[in-house]
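S.K.: Okay, here's the structure, questions in a sec.
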Amino acid sequence: MEPPGPAGAPGRPWDEAKAFYDNLAPKKKPKSPKPENAITIAVSSRALFRMEEEQKIYTEQGVEAYVKYQLDHENEPFLPGAAFPFVKALEAVNAQLRELYPDSEELFDIVLMTNNHAQVGVRLINSINHYGLFIERFCMTGGNSPICYLKAYHTNLYLSSDAEKVSGAIEEGIAAATIFSPSRDLEVSEKQLRVAFDGDAVLFSDESEQIVKAHGLDMFFEHEKAHENKPLAQGPLKGFLEALGKLQKKFYSKGLRLECPIRTYLVTARSAASSGARALKTLRSWGLETDEALFLAGAPKGPLLRKIRPHIFFDDQMFHVEGAQELGTVAAHVPYGVAQKHKRPQREEQQSPNSK
């Protein structure tokens, strides 16, 4: 039997526990939303902060030396990592949402998801407090993979610097990407969250890319024209775009479409005339849109992304990720679809059973 709630009504253990911890938290901080109401962004410690030196110690000297180093330096904040500007932008959106909807829990909720030992937690907490970040939820797994916890945290997006963990999350049906630091600094907006997506194998399935790989571009153009009115299946990040769109509408309903602090971009190698209509009609069939759609017809994406200055750009092909990095964009690789080396065709695996 559940303990009684207010006015003698039945309560829920989660509500009572949450109220208890909210009362313990400093009053100047806003309350964390319930996980089922929030858009949960799980970020690894090495994505949020720069930890190259610490990682080198772990690799060369082992876990005990690594933990000792972290304890000895726990009052020194980590430097910001690749995901840091993205997280700051999420918090800027939250601040505006709280002003418009004080009682709403439809907010971004950032979870630090790491396989670090709990002993390292103090340095991570000190770093988060040093930069004034609002990250209340931690998952520290002491060397075990955190992937099994992602669904329990209601994760809408997982960002990590570990490609193997990201692939594991994708296989579990969770939107995920391996994030990379840019080769040069590029100033991004502090007031407007900007997110750029590739289309095929990111927002959409890899159906069309399979045609390109198997039959070439001419067959691809014919296929897209013939299936222009048939929506593509969803890709791994469709749900994240949907979540962004949901929050955008909260600003639109207040008459703030032009001042919306969330802006989304479709940046695709597709040609607008030959294969663009199907992409746009697919988004329309889902009840979604992007604020801008850039069809590059195979041209490099890096120069356009440098103009957009997104906080993060998602693509399934490392060629485009690296091109974006070189020009200062924080880019994230989505390991999904036919373009990935680890996803070989079934018949190739059958022909080469001893290959590794």
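Labeling convention for the structure tokens: chains A, B, ... as they appear, residues from 1 per chain, ligands from 1 in order of appearance.
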Could you give me, as a list in words, the residues within 12 Å of Asp291 (chain A), counting only C-alpha atoms and dropping anything in the same chain fewer than 3 positions from it?

M.R.: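 The filter keeps Arg194, Val195, Ala196, Phe197, Leu241, Leu244, Gly245, Gln248, Arg257, Leu258, Cys260, Pro261, Ile262, Arg263, Thr264, Tyr265, Leu266, Val267, Leu280, Leu283, Leu288, Leu294 and Ile308 of chain A.
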
S.K.: Output C-alpha atoms for every residue in the selection just made, as an mmCIF file, in the first residue's frame.

M.R.:
data_model
loop_
_atom_site.group_PDB
_atom_site.id
_atom_site.type_symbol
_atom_site.label_atom_id
_atom_site.label_comp_id
_atom_site.auth_asym_id
_atom_site.auth_seq_id
_atom_site.Cartn_x
_atom_site.Cartn_y
_atom_site.Cartn_z
ATOM 1 C CA ARG A 194 21.349 25.250 -33.067
ATOM 2 C CA VAL A 195 21.270 21.594 -34.117
ATOM 3 C CA ALA A 196 22.109 20.371 -37.624
ATOM 4 C CA PHE A 197 21.217 16.935 -38.976
ATOM 5 C CA LEU A 241 14.202 16.040 -33.805
ATOM 6 C CA LEU A 244 13.117 19.532 -30.315
ATOM 7 C CA GLY A 245 10.029 20.301 -32.384
ATOM 8 C CA GLN A 248 9.762 24.753 -30.344
ATOM 9 C CA ARG A 257 8.364 31.787 -33.617
ATOM 10 C CA LEU A 258 10.908 34.334 -34.857
ATOM 11 C CA CYS A 260 12.572 30.817 -30.751
ATOM 12 C CA PRO A 261 15.782 29.774 -28.946
ATOM 13 C CA ILE A 262 15.857 26.427 -30.785
ATOM 14 C CA ARG A 263 16.747 26.278 -34.467
ATOM 15 C CA THR A 264 17.136 23.106 -36.529
ATOM 16 C CA TYR A 265 18.824 22.461 -39.865
ATOM 17 C CA LEU A 266 18.729 19.677 -42.433
ATOM 18 C CA VAL A 267 22.160 19.605 -44.111
ATOM 19 C CA LEU A 280 10.844 17.128 -47.189
ATOM 20 C CA LEU A 283 9.342 15.188 -42.566
ATOM 21 C CA LEU A 288 7.925 17.645 -38.361
ATOM 22 C CA LEU A 294 20.255 22.865 -47.232
ATOM 23 C CA ILE A 308 25.411 28.049 -39.493
#

S.K.: List every residue of region 144-313 of chain A that DSSP, applied to the backbone of this structure, assigns to alpha helix (DSSP H), and report them as an NGL selection string.

M.R.: :A and (163-171 or 207-215 or 217-226 or 238-252 or 277-285 or 302-308)

S.K.: From the list A:Phe180, A:Phe221, A:Phe78, A:Tyr131, which residue is nearest Met318 (chain A) when using only C-alpha atoms?

M.R.: A:Phe180

S.K.: Can you pull out every residue within 6 Å of region 104-117 of chain A, counting only C-alpha atoms, but drop anything in the same chain fewer than 5 positions away, and send it as a compact mmCIF listing (two decimals) with N, CA and C atoms, in the first residue's frame?

M.R.:
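Result file part_35.txt:
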# COMPACT_ATOMS: atom_id res chain seq x y z
N PRO A 33 13.14 18.13 -13.48
CA PRO A 33 11.87 17.53 -13.91
C PRO A 33 11.87 16.03 -13.69
N ASN A 37 8.85 13.18 -17.97
CA ASN A 37 8.34 14.43 -18.55
C ASN A 37 9.42 15.20 -19.30
N ALA A 38 10.68 14.87 -19.06
CA ALA A 38 11.80 15.64 -19.60
C ALA A 38 12.31 15.06 -20.90
N ILE A 39 13.13 15.85 -21.59
CA ILE A 39 13.92 15.37 -22.72
C ILE A 39 15.32 15.12 -22.16
N THR A 40 15.65 13.86 -21.98
CA THR A 40 16.87 13.50 -21.26
C THR A 40 18.06 13.36 -22.21
N ILE A 41 19.09 14.14 -21.94
CA ILE A 41 20.33 14.10 -22.72
C ILE A 41 21.41 13.50 -21.82
N ALA A 42 21.85 12.29 -22.14
CA ALA A 42 22.91 11.63 -21.38
C ALA A 42 24.25 11.95 -22.04
N VAL A 43 25.17 12.48 -21.24
CA VAL A 43 26.47 12.92 -21.76
C VAL A 43 27.57 12.24 -20.96
N SER A 44 28.56 11.67 -21.65
CA SER A 44 29.66 11.04 -20.94
C SER A 44 30.60 12.12 -20.40
N SER A 45 31.38 11.76 -19.38
CA SER A 45 32.30 12.73 -18.76
C SER A 45 33.35 13.19 -19.76
N ASN A 94 16.31 26.00 -21.39
CA ASN A 94 15.55 25.70 -20.17
C ASN A 94 15.18 26.97 -19.40
N ILE A 135 23.47 20.05 -13.48
CA ILE A 135 23.44 18.61 -13.74
C ILE A 135 23.31 17.91 -12.40
N ARG A 137 21.69 14.70 -12.07
CA ARG A 137 21.65 13.24 -12.17
C ARG A 137 23.00 12.71 -12.67
N PHE A 138 23.55 11.78 -11.93
CA PHE A 138 24.82 11.13 -12.26
C PHE A 138 24.58 9.63 -12.38
N CYS A 139 25.32 9.00 -13.27
CA CYS A 139 25.35 7.54 -13.33
C CYS A 139 26.81 7.15 -13.50
N MET A 140 27.43 6.66 -12.42
CA MET A 140 28.84 6.29 -12.42
C MET A 140 28.95 4.79 -12.18
N THR A 141 29.44 4.07 -13.17
CA THR A 141 29.30 2.61 -13.15
C THR A 141 30.59 1.88 -12.77
N GLY A 142 31.64 2.57 -12.38
CA GLY A 142 32.84 1.92 -11.86
C GLY A 142 33.47 0.91 -12.79
N GLY A 143 33.61 1.27 -14.06
CA GLY A 143 34.28 0.39 -15.02
C GLY A 143 33.34 -0.40 -15.90
N ASN A 144 32.08 -0.56 -15.49
CA ASN A 144 31.10 -1.26 -16.32
C ASN A 144 30.49 -0.30 -17.34
N SER A 145 30.01 -0.84 -18.44
CA SER A 145 29.38 0.00 -19.46
C SER A 145 28.08 0.59 -18.92

S.K.: Mind giving me the straight-line distance from CA of Leu247 (chain A) to CA of Pro303 (chain A) in Å, one decimal?

M.R.: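 Between CA of Leu247 (chain A) and CA of Pro303 (chain A) the gap works out to 28.6 Å.
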
S.K.: If I take CA of Gln55 (chain A) and CA of Ala83 (chain A), how far is one from the other in Å, to one decimal?

M.R.: 17.3 Å

S.K.: Would you mind telling me which residue in A:Ala92, A:Ala339, A:Ile57, A:Met51 lies nearest to Leu193 (chain A) when using only C-alpha atoms?

M.R.: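 Among the listed residues, A:Ala92 lies closest to Leu193 (chain A).
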
S.K.: Give the strand (DSSP E or B) residues of region 58-255 of chain A, as assigned by DSSP on the backbone, as a PyMOL selection string.

M.R.: chain A and resi 79-80+108-114+137-140+155-160+176-180+193-197+200+204+234

S.K.: For the selection just defined, write its residues with C-alpha atoms to a file, as a CSV table (one decimal), in the first residue's frame.

M.R.:
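To be explicit, this is the file written out as again-v9.csv:
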chain,number,residue,atom,x,y,z
A,79,LEU,CA,38.5,22.1,-19.1
A,80,PRO,CA,35.3,22.2,-21.3
A,108,PHE,CA,16.0,19.3,-21.1
A,109,ASP,CA,17.4,17.2,-18.3
A,110,ILE,CA,21.1,16.5,-18.6
A,111,VAL,CA,22.5,13.2,-17.0
A,112,LEU,CA,26.2,12.7,-16.6
A,113,MET,CA,26.6,9.1,-17.8
A,114,THR,CA,30.1,7.6,-17.2
A,137,ARG,CA,21.7,13.2,-12.2
A,138,PHE,CA,24.8,11.1,-12.3
A,139,CYS,CA,25.3,7.5,-13.3
A,140,MET,CA,28.8,6.3,-12.4
A,155,THR,CA,17.3,8.8,-22.5
A,156,ASN,CA,16.4,10.7,-25.7
A,157,LEU,CA,20.0,11.3,-26.8
A,158,TYR,CA,23.3,9.8,-25.7
A,159,LEU,CA,26.6,11.6,-26.5
A,160,SER,CA,30.0,9.9,-25.8
A,176,ALA,CA,23.3,8.2,-29.9
A,177,ALA,CA,26.4,9.7,-31.5
A,178,THR,CA,30.2,9.8,-31.0
A,179,ILE,CA,31.1,13.5,-30.5
A,180,PHE,CA,34.4,15.0,-31.7
A,193,LEU,CA,20.4,26.2,-29.5
A,194,ARG,CA,21.3,25.2,-33.1
A,195,VAL,CA,21.3,21.6,-34.1
A,196,ALA,CA,22.1,20.4,-37.6
A,197,PHE,CA,21.2,16.9,-39.0
A,200,ASP,CA,19.8,9.6,-44.7
A,204,PHE,CA,15.8,8.9,-42.1
A,234,GLN,CA,12.6,6.7,-39.5

S.K.: What does the distance from CA of Pro335 (chain A) to CA of Ile170 (chain A) come to in Å, to one decimal?

M.R.: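 Result for CA of Pro335 (chain A) versus CA of Ile170 (chain A): 7.4 Å, one decimal.
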
S.K.: Give me the residues near Arg306 (chain A) as a PyMOL selection string, where near means some atom within 7 Å (using only C-alpha atoms) and where sequence neighbours in that chain fewer than 6 positions away do not count.

M.R.: chain A and resi 327-329

S.K.: Restricting it to N, CA and C atoms, dump the selection as a JSON list (two decimals), in the first residue's frame.

M.R.:
[["chain", "number", "residue", "atom", "x", "y", "z"],
["A", 327, "LEU", "N", 36.79, 22.70, -39.96],
["A", 327, "LEU", "CA", 36.39, 24.10, -40.07],
["A", 327, "LEU", "C", 35.74, 24.63, -38.81],
["A", 328, "GLY", "N", 35.88, 23.89, -37.69],
["A", 328, "GLY", "CA", 35.47, 24.43, -36.41],
["A", 328, "GLY", "C", 34.13, 24.00, -35.87],
["A", 329, "THR", "N", 33.46, 23.06, -36.52],
["A", 329, "THR", "CA", 32.14, 22.61, -36.05],
["A", 329, "THR", "C", 32.27, 21.38, -35.15]]

S.K.: Just want the 7 Å neighbourhood of Gln317 (chain A), counted on only C-alpha atoms, with same-chain residues fewer than 3 positions away dropped. Output as JSON, numbers by chain.

M.R.: {"A": [320, 321, 333, 339]}

S.K.: Ranking A:Ser285, A:Ile312, A:Ser127, A:Ala297 by minimum distance to Ser189 (chain A) and counting only C-alpha atoms, which one comes first?

M.R.: A:Ile312

S.K.: Quick one: of A:Asn229, A:Ser208, A:Gln119, A:Ser183, who's nearest to Val63 (chain A), counting only C-alpha atoms?

M.R.: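 Of the candidates, the smallest distance to Val63 (chain A) is held by A:Gln119.
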
S.K.: With only C-alpha atoms as the atoms that count, which of A:Asp162, A:Glu136, A:Glu54, A:Asp316 lies nearest to Val202 (chain A)?

M.R.: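 Between A:Asp162, A:Glu136, A:Glu54, A:Asp316, the residue approaching Val202 (chain A) most closely is A:Asp316.
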
S.K.: Find, counting only C-alpha atoms, the residue in A:Pro77, A:Pro146, A:Gly302, A:Pro35 that gets nearest to Gly168 (chain A).

M.R.: A:Pro146
